[in-house]
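For reference, the structure discussed in these notes is given below.
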Amino acid sequence: HDSGDNGIQAEGGGAIVRSNLLVGPFGNKAFDSSHNVGTVSDLTVIHNTILYSYGAGLKAWTGAPGQTNLVFANNAVYSQICGNLQGYTIWLPAGWTPGPAITIEGNVVYSYRCATAADAGTVNLATGFILGNGAADFENVTALNTPYTAIADYKPAAGGKLIANADRTWVVPADLLGNTPTAPYDAGALDHAVPDTTPPTVAITFPGEGDILSGLVTISATASDDGSVAHVDFRI
């Protein structure tokens, strides 16, 4: 953090920006997408968590001819301030065209220094997001303007707005810590699910201990788990 400029700046296209934890302050926006290099197209920005910053500036996302496959989905954007252009959570240009070229879905936003604490802080955007609760949405964060050292501190808190509010179309195969997301899916770079550390139980029901066998024998067993059992292997 504290880069002195944009945290991530995506130019042109053909990129996927996913599962990043961006904790400010930044000198400018946490995420920026502009026309500095060619036409922005084929850019997917999904499952990122942004805190204590100016949010995501999608100023090049107009839906103009030549733009295709621009996706901003399942991100958690918790902005630092409001009241000016730099104080947004998600900013799109006036007159942008929603449709096949641009998809905005499953985001959770919160701007905590607005006149009203419940301000979403979005600019030229009325859909594709829900309003968060602030620091209470994270597992071990008490103040949005204080960087925490452990990545796991930013996991979604049980009962918070990040839980189960992601769009399943854009779910990533693994979160920032490598955990596989489980349904219902969460917004942001981290999944709230606790890894399954309880092994399944397996018991051979036939043959029994001490049985003397000959010829062709069918081995039977039972297996159970608190989740599911994919298969049972026998090794002799």
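Lettering and numbering for the structure tokens are positional, with chains as A, B, ... in the shown order, residues counted from 1 in each chain, and ligands counted from 1 in the shown order.
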Can you tell me which residues surround stretch 134-151 of chain A at a distance of at most 12 Å, considering only C-alpha atoms, apart from same-chain residues fewer than 3 positions away, and format the answer as an NGL selection string?
:A and (1-2 or 19-26 or 49-54 or 76-81 or 108-113 or 117-120 or 131 or 154-163 or 175-178 or 186-193)
I need the residues from that last selection saved to file as a PDB file, in the first residue's frame (with C-alpha atoms), if you can.
ATOM      1  CA  HIS A   1       0.000   0.000   0.000  1.00  0.00           C
ATOM      2  CA  ASP A   2       0.960   3.702  -0.003  1.00  0.00           C
ATOM      3  CA  SER A  19      -8.109 -11.996  -5.850  1.00  0.00           C
ATOM      4  CA  ASN A  20      -6.038  -8.962  -4.845  1.00  0.00           C
ATOM      5  CA  LEU A  21      -6.093  -7.296  -1.420  1.00  0.00           C
ATOM      6  CA  LEU A  22      -5.520  -3.551  -1.892  1.00  0.00           C
ATOM      7  CA  VAL A  23      -5.174  -1.667   1.377  1.00  0.00           C
ATOM      8  CA  GLY A  24      -4.444   2.081   1.106  1.00  0.00           C
ATOM      9  CA  PRO A  25      -3.792   4.827   1.396  1.00  0.00           C
ATOM     10  CA  PHE A  26      -2.829   5.246  -2.247  1.00  0.00           C
ATOM     11  CA  THR A  49     -10.910  -6.390  -1.804  1.00  0.00           C
ATOM     12  CA  ILE A  50     -10.200  -2.645  -1.659  1.00  0.00           C
ATOM     13  CA  LEU A  51     -10.038  -0.714   1.616  1.00  0.00           C
ATOM     14  CA  TYR A  52      -8.974   2.730   2.800  1.00  0.00           C
ATOM     15  CA  SER A  53      -8.559   4.142  -0.688  1.00  0.00           C
ATOM     16  CA  TYR A  54     -10.264   6.019  -3.489  1.00  0.00           C
ATOM     17  CA  ALA A  76     -15.499  -5.500  -2.052  1.00  0.00           C
ATOM     18  CA  VAL A  77     -14.826  -1.762  -2.342  1.00  0.00           C
ATOM     19  CA  TYR A  78     -14.742   0.205   0.919  1.00  0.00           C
ATOM     20  CA  SER A  79     -13.817   3.792   0.142  1.00  0.00           C
ATOM     21  CA  GLN A  80     -11.908   6.326   2.237  1.00  0.00           C
ATOM     22  CA  ILE A  81     -13.824   9.554   1.550  1.00  0.00           C
ATOM     23  CA  VAL A 108     -20.325  -4.849  -2.107  1.00  0.00           C
ATOM     24  CA  VAL A 109     -19.503  -1.174  -1.505  1.00  0.00           C
ATOM     25  CA  TYR A 110     -19.267   1.157   1.475  1.00  0.00           C
ATOM     26  CA  SER A 111     -18.053   4.744   1.776  1.00  0.00           C
ATOM     27  CA  TYR A 112     -17.367   5.580   5.393  1.00  0.00           C
ATOM     28  CA  ARG A 113     -16.532   9.304   5.287  1.00  0.00           C
ATOM     29  CA  ALA A 117     -22.505   6.648   6.971  1.00  0.00           C
ATOM     30  CA  ALA A 118     -24.639   4.449   4.743  1.00  0.00           C
ATOM     31  CA  ASP A 119     -23.529   6.141   1.509  1.00  0.00           C
ATOM     32  CA  ALA A 120     -22.543   3.728  -1.269  1.00  0.00           C
ATOM     33  CA  LEU A 131     -24.330  -1.522   0.447  1.00  0.00           C
ATOM     34  CA  TYR A 154      -9.834  -9.392   5.914  1.00  0.00           C
ATOM     35  CA  LYS A 155     -11.878 -12.567   5.550  1.00  0.00           C
ATOM     36  CA  PRO A 156     -15.646 -11.969   5.428  1.00  0.00           C
ATOM     37  CA  ALA A 157     -17.214 -11.954   8.875  1.00  0.00           C
ATOM     38  CA  ALA A 158     -20.104 -14.283   9.612  1.00  0.00           C
ATOM     39  CA  GLY A 159     -23.369 -12.421   9.100  1.00  0.00           C
ATOM     40  CA  GLY A 160     -21.670  -9.599   7.173  1.00  0.00           C
ATOM     41  CA  LYS A 161     -22.682  -8.221   3.783  1.00  0.00           C
ATOM     42  CA  LEU A 162     -19.800  -9.917   1.949  1.00  0.00           C
ATOM     43  CA  ILE A 163     -21.247 -13.320   2.774  1.00  0.00           C
ATOM     44  CA  ASP A 175      -9.343 -17.200  -3.134  1.00  0.00           C
ATOM     45  CA  LEU A 176      -6.256 -15.159  -2.194  1.00  0.00           C
ATOM     46  CA  LEU A 177      -5.135 -17.795   0.343  1.00  0.00           C
ATOM     47  CA  GLY A 178      -5.721 -20.691  -2.044  1.00  0.00           C
ATOM     48  CA  ASP A 186     -18.754 -14.381  -0.981  1.00  0.00           C
ATOM     49  CA  ALA A 187     -17.628 -11.065  -2.462  1.00  0.00           C
ATOM     50  CA  GLY A 188     -14.031  -9.931  -2.119  1.00  0.00           C
ATOM     51  CA  ALA A 189     -10.613 -11.589  -2.317  1.00  0.00           C
ATOM     52  CA  LEU A 190     -11.156 -14.045   0.545  1.00  0.00           C
ATOM     53  CA  ASP A 191     -13.702 -16.760   1.232  1.00  0.00           C
ATOM     54  CA  HIS A 192     -15.125 -17.109   4.733  1.00  0.00           C
ATOM     55  CA  ALA A 193     -15.276 -20.904   4.699  1.00  0.00           C
TER      56      ALA A 193
END
Residues of stretch 174-226 of chain A classed as strand (DSSP E or B) by DSSP on the backbone are to be reported as a VMD selection string.
chain A and resid 201 to 206 220 to 224
Keeping N, CA, C and O atoms for every residue in the selection just given, could you write it to a file as a PDB file, in the first residue's frame?
ATOM      1  N   THR A 201     -14.675 -41.146   7.832  1.00  0.00           N
ATOM      2  CA  THR A 201     -14.546 -42.424   8.540  1.00  0.00           C
ATOM      3  C   THR A 201     -14.861 -43.557   7.560  1.00  0.00           C
ATOM      4  O   THR A 201     -15.813 -43.464   6.778  1.00  0.00           O
ATOM      5  N   VAL A 202     -14.042 -44.602   7.606  1.00  0.00           N
ATOM      6  CA  VAL A 202     -14.199 -45.737   6.698  1.00  0.00           C
ATOM      7  C   VAL A 202     -14.116 -47.028   7.512  1.00  0.00           C
ATOM      8  O   VAL A 202     -13.267 -47.164   8.400  1.00  0.00           O
ATOM      9  N   ALA A 203     -14.990 -47.978   7.221  1.00  0.00           N
ATOM     10  CA  ALA A 203     -14.972 -49.276   7.918  1.00  0.00           C
ATOM     11  C   ALA A 203     -15.220 -50.391   6.905  1.00  0.00           C
ATOM     12  O   ALA A 203     -16.141 -50.291   6.076  1.00  0.00           O
ATOM     13  N   ILE A 204     -14.389 -51.432   6.943  1.00  0.00           N
ATOM     14  CA  ILE A 204     -14.607 -52.606   6.091  1.00  0.00           C
ATOM     15  C   ILE A 204     -15.644 -53.499   6.770  1.00  0.00           C
ATOM     16  O   ILE A 204     -15.472 -53.917   7.917  1.00  0.00           O
ATOM     17  N   THR A 205     -16.710 -53.785   6.077  1.00  0.00           N
ATOM     18  CA  THR A 205     -17.787 -54.604   6.634  1.00  0.00           C
ATOM     19  C   THR A 205     -17.663 -56.080   6.246  1.00  0.00           C
ATOM     20  O   THR A 205     -18.227 -56.961   6.901  1.00  0.00           O
ATOM     21  N   PHE A 206     -16.932 -56.350   5.167  1.00  0.00           N
ATOM     22  CA  PHE A 206     -16.642 -57.733   4.759  1.00  0.00           C
ATOM     23  C   PHE A 206     -15.378 -57.738   3.917  1.00  0.00           C
ATOM     24  O   PHE A 206     -15.213 -56.877   3.056  1.00  0.00           O
ATOM     25  N   SER A 220     -16.465 -55.286   0.964  1.00  0.00           N
ATOM     26  CA  SER A 220     -17.490 -54.269   1.198  1.00  0.00           C
ATOM     27  C   SER A 220     -17.048 -53.324   2.296  1.00  0.00           C
ATOM     28  O   SER A 220     -16.325 -53.723   3.223  1.00  0.00           O
ATOM     29  N   ALA A 221     -17.471 -52.070   2.193  1.00  0.00           N
ATOM     30  CA  ALA A 221     -17.093 -51.073   3.201  1.00  0.00           C
ATOM     31  C   ALA A 221     -18.140 -49.981   3.263  1.00  0.00           C
ATOM     32  O   ALA A 221     -18.965 -49.825   2.355  1.00  0.00           O
ATOM     33  N   THR A 222     -18.114 -49.250   4.351  1.00  0.00           N
ATOM     34  CA  THR A 222     -18.956 -48.053   4.486  1.00  0.00           C
ATOM     35  C   THR A 222     -18.030 -46.846   4.687  1.00  0.00           C
ATOM     36  O   THR A 222     -16.946 -46.958   5.244  1.00  0.00           O
ATOM     37  N   ALA A 223     -18.477 -45.703   4.221  1.00  0.00           N
ATOM     38  CA  ALA A 223     -17.700 -44.468   4.367  1.00  0.00           C
ATOM     39  C   ALA A 223     -18.647 -43.307   4.588  1.00  0.00           C
ATOM     40  O   ALA A 223     -19.737 -43.254   4.011  1.00  0.00           O
ATOM     41  N   SER A 224     -18.239 -42.391   5.460  1.00  0.00           N
ATOM     42  CA  SER A 224     -19.086 -41.223   5.731  1.00  0.00           C
ATOM     43  C   SER A 224     -18.203 -40.013   5.986  1.00  0.00           C
ATOM     44  O   SER A 224     -17.028 -40.131   6.355  1.00  0.00           O
TER      45      SER A 224
END
Nearest to A:Arg18 by atom-to-atom distance, counting only C-alpha atoms, from A:Val171, A:Ala64, A:Val229, A:Ala56
A:Val171
Gap from atom CA of A:Asp233 to atom CA of A:Ile219 - Å, one decimal:
10.8 Å
Applying 12 Å and only C-alpha atoms, which residues near A:Lys59 remain after dropping the ones on its own chain fewer than 2 positions away? List them as a PDB file with N, CA and C atoms, in the first residue's frame.
ATOM      1  N   GLN A   9      -3.171  -0.393 -12.161  1.00  0.00           N
ATOM      2  CA  GLN A   9      -3.672   0.351 -13.323  1.00  0.00           C
ATOM      3  C   GLN A   9      -3.662  -0.579 -14.516  1.00  0.00           C
ATOM      4  N   ALA A  10      -4.840  -0.831 -15.098  1.00  0.00           N
ATOM      5  CA  ALA A  10      -4.970  -1.754 -16.228  1.00  0.00           C
ATOM      6  C   ALA A  10      -5.206  -0.957 -17.503  1.00  0.00           C
ATOM      7  N   GLU A  11      -4.351  -1.146 -18.488  1.00  0.00           N
ATOM      8  CA  GLU A  11      -4.454  -0.449 -19.766  1.00  0.00           C
ATOM      9  C   GLU A  11      -4.738  -1.454 -20.874  1.00  0.00           C
ATOM     10  N   LYS A  29      -6.104   6.240  -7.183  1.00  0.00           N
ATOM     11  CA  LYS A  29      -7.115   5.200  -7.043  1.00  0.00           C
ATOM     12  C   LYS A  29      -6.474   3.848  -6.708  1.00  0.00           C
ATOM     13  N   PHE A  31      -7.731   1.008  -7.897  1.00  0.00           N
ATOM     14  CA  PHE A  31      -7.751   0.377  -9.215  1.00  0.00           C
ATOM     15  C   PHE A  31      -8.169   1.407 -10.239  1.00  0.00           C
ATOM     16  N   ASP A  32      -7.430   1.441 -11.369  1.00  0.00           N
ATOM     17  CA  ASP A  32      -7.725   2.426 -12.411  1.00  0.00           C
ATOM     18  C   ASP A  32      -7.703   1.755 -13.782  1.00  0.00           C
ATOM     19  N   SER A  33      -8.688   2.087 -14.604  1.00  0.00           N
ATOM     20  CA  SER A  33      -8.744   1.590 -15.975  1.00  0.00           C
ATOM     21  C   SER A  33      -9.049   2.761 -16.895  1.00  0.00           C
ATOM     22  N   SER A  34      -8.095   3.097 -17.766  1.00  0.00           N
ATOM     23  CA  SER A  34      -8.248   4.271 -18.624  1.00  0.00           C
ATOM     24  C   SER A  34      -7.819   3.943 -20.046  1.00  0.00           C
ATOM     25  N   HIS A  35      -7.879   4.977 -20.914  1.00  0.00           N
ATOM     26  CA  HIS A  35      -7.539   4.807 -22.326  1.00  0.00           C
ATOM     27  C   HIS A  35      -6.116   5.244 -22.627  1.00  0.00           C
ATOM     28  N   ASN A  36      -5.240   5.218 -21.647  1.00  0.00           N
ATOM     29  CA  ASN A  36      -3.881   5.698 -21.900  1.00  0.00           C
ATOM     30  C   ASN A  36      -3.144   4.872 -22.947  1.00  0.00           C
ATOM     31  N   THR A  39      -7.666   0.991 -26.712  1.00  0.00           N
ATOM     32  CA  THR A  39      -9.049   0.878 -26.256  1.00  0.00           C
ATOM     33  C   THR A  39      -9.150  -0.222 -25.208  1.00  0.00           C
ATOM     34  N   VAL A  40      -9.766   0.097 -24.089  1.00  0.00           N
ATOM     35  CA  VAL A  40      -9.949  -0.904 -23.037  1.00  0.00           C
ATOM     36  C   VAL A  40     -10.982  -1.928 -23.483  1.00  0.00           C
ATOM     37  N   ALA A  56     -12.422   2.226  -7.183  1.00  0.00           N
ATOM     38  CA  ALA A  56     -12.161   1.755  -8.539  1.00  0.00           C
ATOM     39  C   ALA A  56     -12.647   2.781  -9.551  1.00  0.00           C
ATOM     40  N   GLY A  57     -11.743   3.298 -10.346  1.00  0.00           N
ATOM     41  CA  GLY A  57     -12.091   4.260 -11.386  1.00  0.00           C
ATOM     42  C   GLY A  57     -12.145   3.579 -12.736  1.00  0.00           C
ATOM     43  N   TRP A  61     -14.617   2.901 -19.289  1.00  0.00           N
ATOM     44  CA  TRP A  61     -15.660   1.918 -19.573  1.00  0.00           C
ATOM     45  C   TRP A  61     -16.930   2.649 -20.034  1.00  0.00           C
ATOM     46  N   THR A  62     -16.989   2.968 -21.302  1.00  0.00           N
ATOM     47  CA  THR A  62     -18.118   3.725 -21.844  1.00  0.00           C
ATOM     48  C   THR A  62     -19.119   2.858 -22.586  1.00  0.00           C
ATOM     49  N   GLY A  63     -18.701   1.661 -22.995  1.00  0.00           N
ATOM     50  CA  GLY A  63     -19.554   0.832 -23.839  1.00  0.00           C
ATOM     51  C   GLY A  63     -19.516   1.252 -25.289  1.00  0.00           C
ATOM     52  N   LEU A  85     -14.511  13.711  -6.783  1.00  0.00           N
ATOM     53  CA  LEU A  85     -14.312  12.641  -7.747  1.00  0.00           C
ATOM     54  C   LEU A  85     -13.477  11.506  -7.187  1.00  0.00           C
ATOM     55  N   GLN A  86     -12.506  11.820  -6.359  1.00  0.00           N
ATOM     56  CA  GLN A  86     -11.609  10.808  -5.829  1.00  0.00           C
ATOM     57  C   GLN A  86     -12.198  10.044  -4.647  1.00  0.00           C
ATOM     58  N   TYR A  88     -14.950   8.157  -4.542  1.00  0.00           N
ATOM     59  CA  TYR A  88     -15.939   7.155  -4.912  1.00  0.00           C
ATOM     60  C   TYR A  88     -15.533   5.751  -4.470  1.00  0.00           C
ATOM     61  N   ILE A  90     -17.051   3.009  -6.703  1.00  0.00           N
ATOM     62  CA  ILE A  90     -16.971   2.613  -8.114  1.00  0.00           C
ATOM     63  C   ILE A  90     -17.412   3.812  -8.954  1.00  0.00           C
ATOM     64  N   TRP A  91     -16.575   4.230  -9.894  1.00  0.00           N
ATOM     65  CA  TRP A  91     -16.891   5.390 -10.716  1.00  0.00           C
ATOM     66  C   TRP A  91     -16.898   5.004 -12.184  1.00  0.00           C
ATOM     67  N   LEU A  92     -18.030   5.258 -12.845  1.00  0.00           N
ATOM     68  CA  LEU A  92     -18.128   5.084 -14.282  1.00  0.00           C
ATOM     69  C   LEU A  92     -18.441   6.429 -14.925  1.00  0.00           C
ATOM     70  N   PRO A  93     -18.074   6.622 -16.187  1.00  0.00           N
ATOM     71  CA  PRO A  93     -18.326   7.907 -16.837  1.00  0.00           C
ATOM     72  C   PRO A  93     -19.812   8.128 -17.094  1.00  0.00           C
ATOM     73  N   ALA A  94     -20.228   9.359 -17.062  1.00  0.00           N
ATOM     74  CA  ALA A  94     -21.617   9.690 -17.374  1.00  0.00           C
ATOM     75  C   ALA A  94     -21.933   9.220 -18.790  1.00  0.00           C
ATOM     76  N   GLY A  95     -23.096   8.615 -18.950  1.00  0.00           N
ATOM     77  CA  GLY A  95     -23.522   8.171 -20.269  1.00  0.00           C
ATOM     78  C   GLY A  95     -23.005   6.808 -20.680  1.00  0.00           C
ATOM     79  N   TRP A  96     -22.328   6.100 -19.767  1.00  0.00           N
ATOM     80  CA  TRP A  96     -21.874   4.756 -20.120  1.00  0.00           C
ATOM     81  C   TRP A  96     -23.068   3.868 -20.438  1.00  0.00           C
ATOM     82  N   VAL A 123     -20.542   6.428  -8.412  1.00  0.00           N
ATOM     83  CA  VAL A 123     -20.759   7.551  -9.324  1.00  0.00           C
ATOM     84  C   VAL A 123     -21.255   7.005 -10.657  1.00  0.00           C
ATOM     85  N   ASN A 124     -22.429   7.477 -11.082  1.00  0.00           N
ATOM     86  CA  ASN A 124     -23.054   7.047 -12.335  1.00  0.00           C
ATOM     87  C   ASN A 124     -23.331   5.545 -12.359  1.00  0.00           C
TER      88      ASN A 124
END
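Counting only C-alpha atoms and comparing A:Thr89, A:Gly215, A:Phe72, A:Ala183, the residue that lies closest to A:Gly121 is A:Thr89.
One distance worth recording is that between atom CA of A:Phe234 and atom CA of A:Thr182, which is 29.1 Å.
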Considering only C-alpha atoms, return as a list of chain:residue names whatever protein or nucleic-acid residues lie within 9 Å of A:Thr68, sequence-local ones (same chain, fewer than 5 positions apart) excluded.
A:Val40, A:Ser41, A:Asp42, A:Leu43, A:Gly63, A:Pro100, A:Ala101, A:Ile102
Would you output that residue set with all heavy atoms, as an mmCIF file, in the first residue's frame?
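Listed below is the output, result.cif:
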data_model
loop_
_atom_site.group_PDB
_atom_site.id
_atom_site.type_symbol
_atom_site.label_atom_id
_atom_site.label_comp_id
_atom_site.auth_asym_id
_atom_site.auth_seq_id
_atom_site.Cartn_x
_atom_site.Cartn_y
_atom_site.Cartn_z
ATOM 1 N N VAL A 40 -9.766 0.097 -24.089
ATOM 2 C CA VAL A 40 -9.949 -0.904 -23.037
ATOM 3 C C VAL A 40 -10.982 -1.928 -23.483
ATOM 4 O O VAL A 40 -12.105 -1.576 -23.847
ATOM 5 C CB VAL A 40 -10.386 -0.240 -21.718
ATOM 6 C CG1 VAL A 40 -10.685 -1.303 -20.670
ATOM 7 C CG2 VAL A 40 -9.316 0.699 -21.224
ATOM 8 N N SER A 41 -10.614 -3.195 -23.461
ATOM 9 C CA SER A 41 -11.502 -4.266 -23.890
ATOM 10 C C SER A 41 -11.007 -5.577 -23.291
ATOM 11 O O SER A 41 -9.829 -5.717 -22.946
ATOM 12 C CB SER A 41 -11.526 -4.354 -25.422
ATOM 13 O OG SER A 41 -12.527 -5.260 -25.856
ATOM 14 N N ASP A 42 -11.918 -6.549 -23.141
ATOM 15 C CA ASP A 42 -11.565 -7.873 -22.620
ATOM 16 C C ASP A 42 -10.787 -7.760 -21.308
ATOM 17 O O ASP A 42 -9.688 -8.296 -21.159
ATOM 18 C CB ASP A 42 -10.740 -8.656 -23.646
ATOM 19 C CG ASP A 42 -11.521 -8.937 -24.913
ATOM 20 O OD1 ASP A 42 -12.620 -9.496 -24.800
ATOM 21 O OD2 ASP A 42 -11.042 -8.571 -26.003
ATOM 22 N N LEU A 43 -11.396 -7.078 -20.352
ATOM 23 C CA LEU A 43 -10.776 -6.888 -19.039
ATOM 24 C C LEU A 43 -11.752 -7.358 -17.964
ATOM 25 O O LEU A 43 -12.875 -6.869 -17.873
ATOM 26 C CB LEU A 43 -10.424 -5.417 -18.830
ATOM 27 C CG LEU A 43 -9.811 -5.033 -17.476
ATOM 28 C CD1 LEU A 43 -8.509 -5.780 -17.241
ATOM 29 C CD2 LEU A 43 -9.579 -3.526 -17.415
ATOM 30 N N GLY A 63 -18.701 1.661 -22.995
ATOM 31 C CA GLY A 63 -19.554 0.832 -23.839
ATOM 32 C C GLY A 63 -19.516 1.252 -25.289
ATOM 33 O O GLY A 63 -20.386 0.865 -26.079
ATOM 34 N N PRO A 100 -24.062 -5.853 -23.258
ATOM 35 C CA PRO A 100 -23.096 -6.924 -23.494
ATOM 36 C C PRO A 100 -21.643 -6.508 -23.293
ATOM 37 O O PRO A 100 -20.800 -7.331 -22.951
ATOM 38 C CB PRO A 100 -23.356 -7.303 -24.964
ATOM 39 C CG PRO A 100 -24.747 -6.848 -25.242
ATOM 40 C CD PRO A 100 -24.949 -5.620 -24.415
ATOM 41 N N ALA A 101 -21.324 -5.229 -23.506
ATOM 42 C CA ALA A 101 -19.937 -4.790 -23.404
ATOM 43 C C ALA A 101 -19.474 -4.662 -21.956
ATOM 44 O O ALA A 101 -18.300 -4.870 -21.652
ATOM 45 C CB ALA A 101 -19.732 -3.459 -24.131
ATOM 46 N N ILE A 102 -20.380 -4.278 -21.052
ATOM 47 C CA ILE A 102 -19.997 -3.990 -19.673
ATOM 48 C C ILE A 102 -20.907 -4.750 -18.712
ATOM 49 O O ILE A 102 -22.135 -4.652 -18.793
ATOM 50 C CB ILE A 102 -20.085 -2.481 -19.370
ATOM 51 C CG1 ILE A 102 -19.149 -1.695 -20.301
ATOM 52 C CG2 ILE A 102 -19.743 -2.199 -17.913
ATOM 53 C CD1 ILE A 102 -19.227 -0.199 -20.125
#
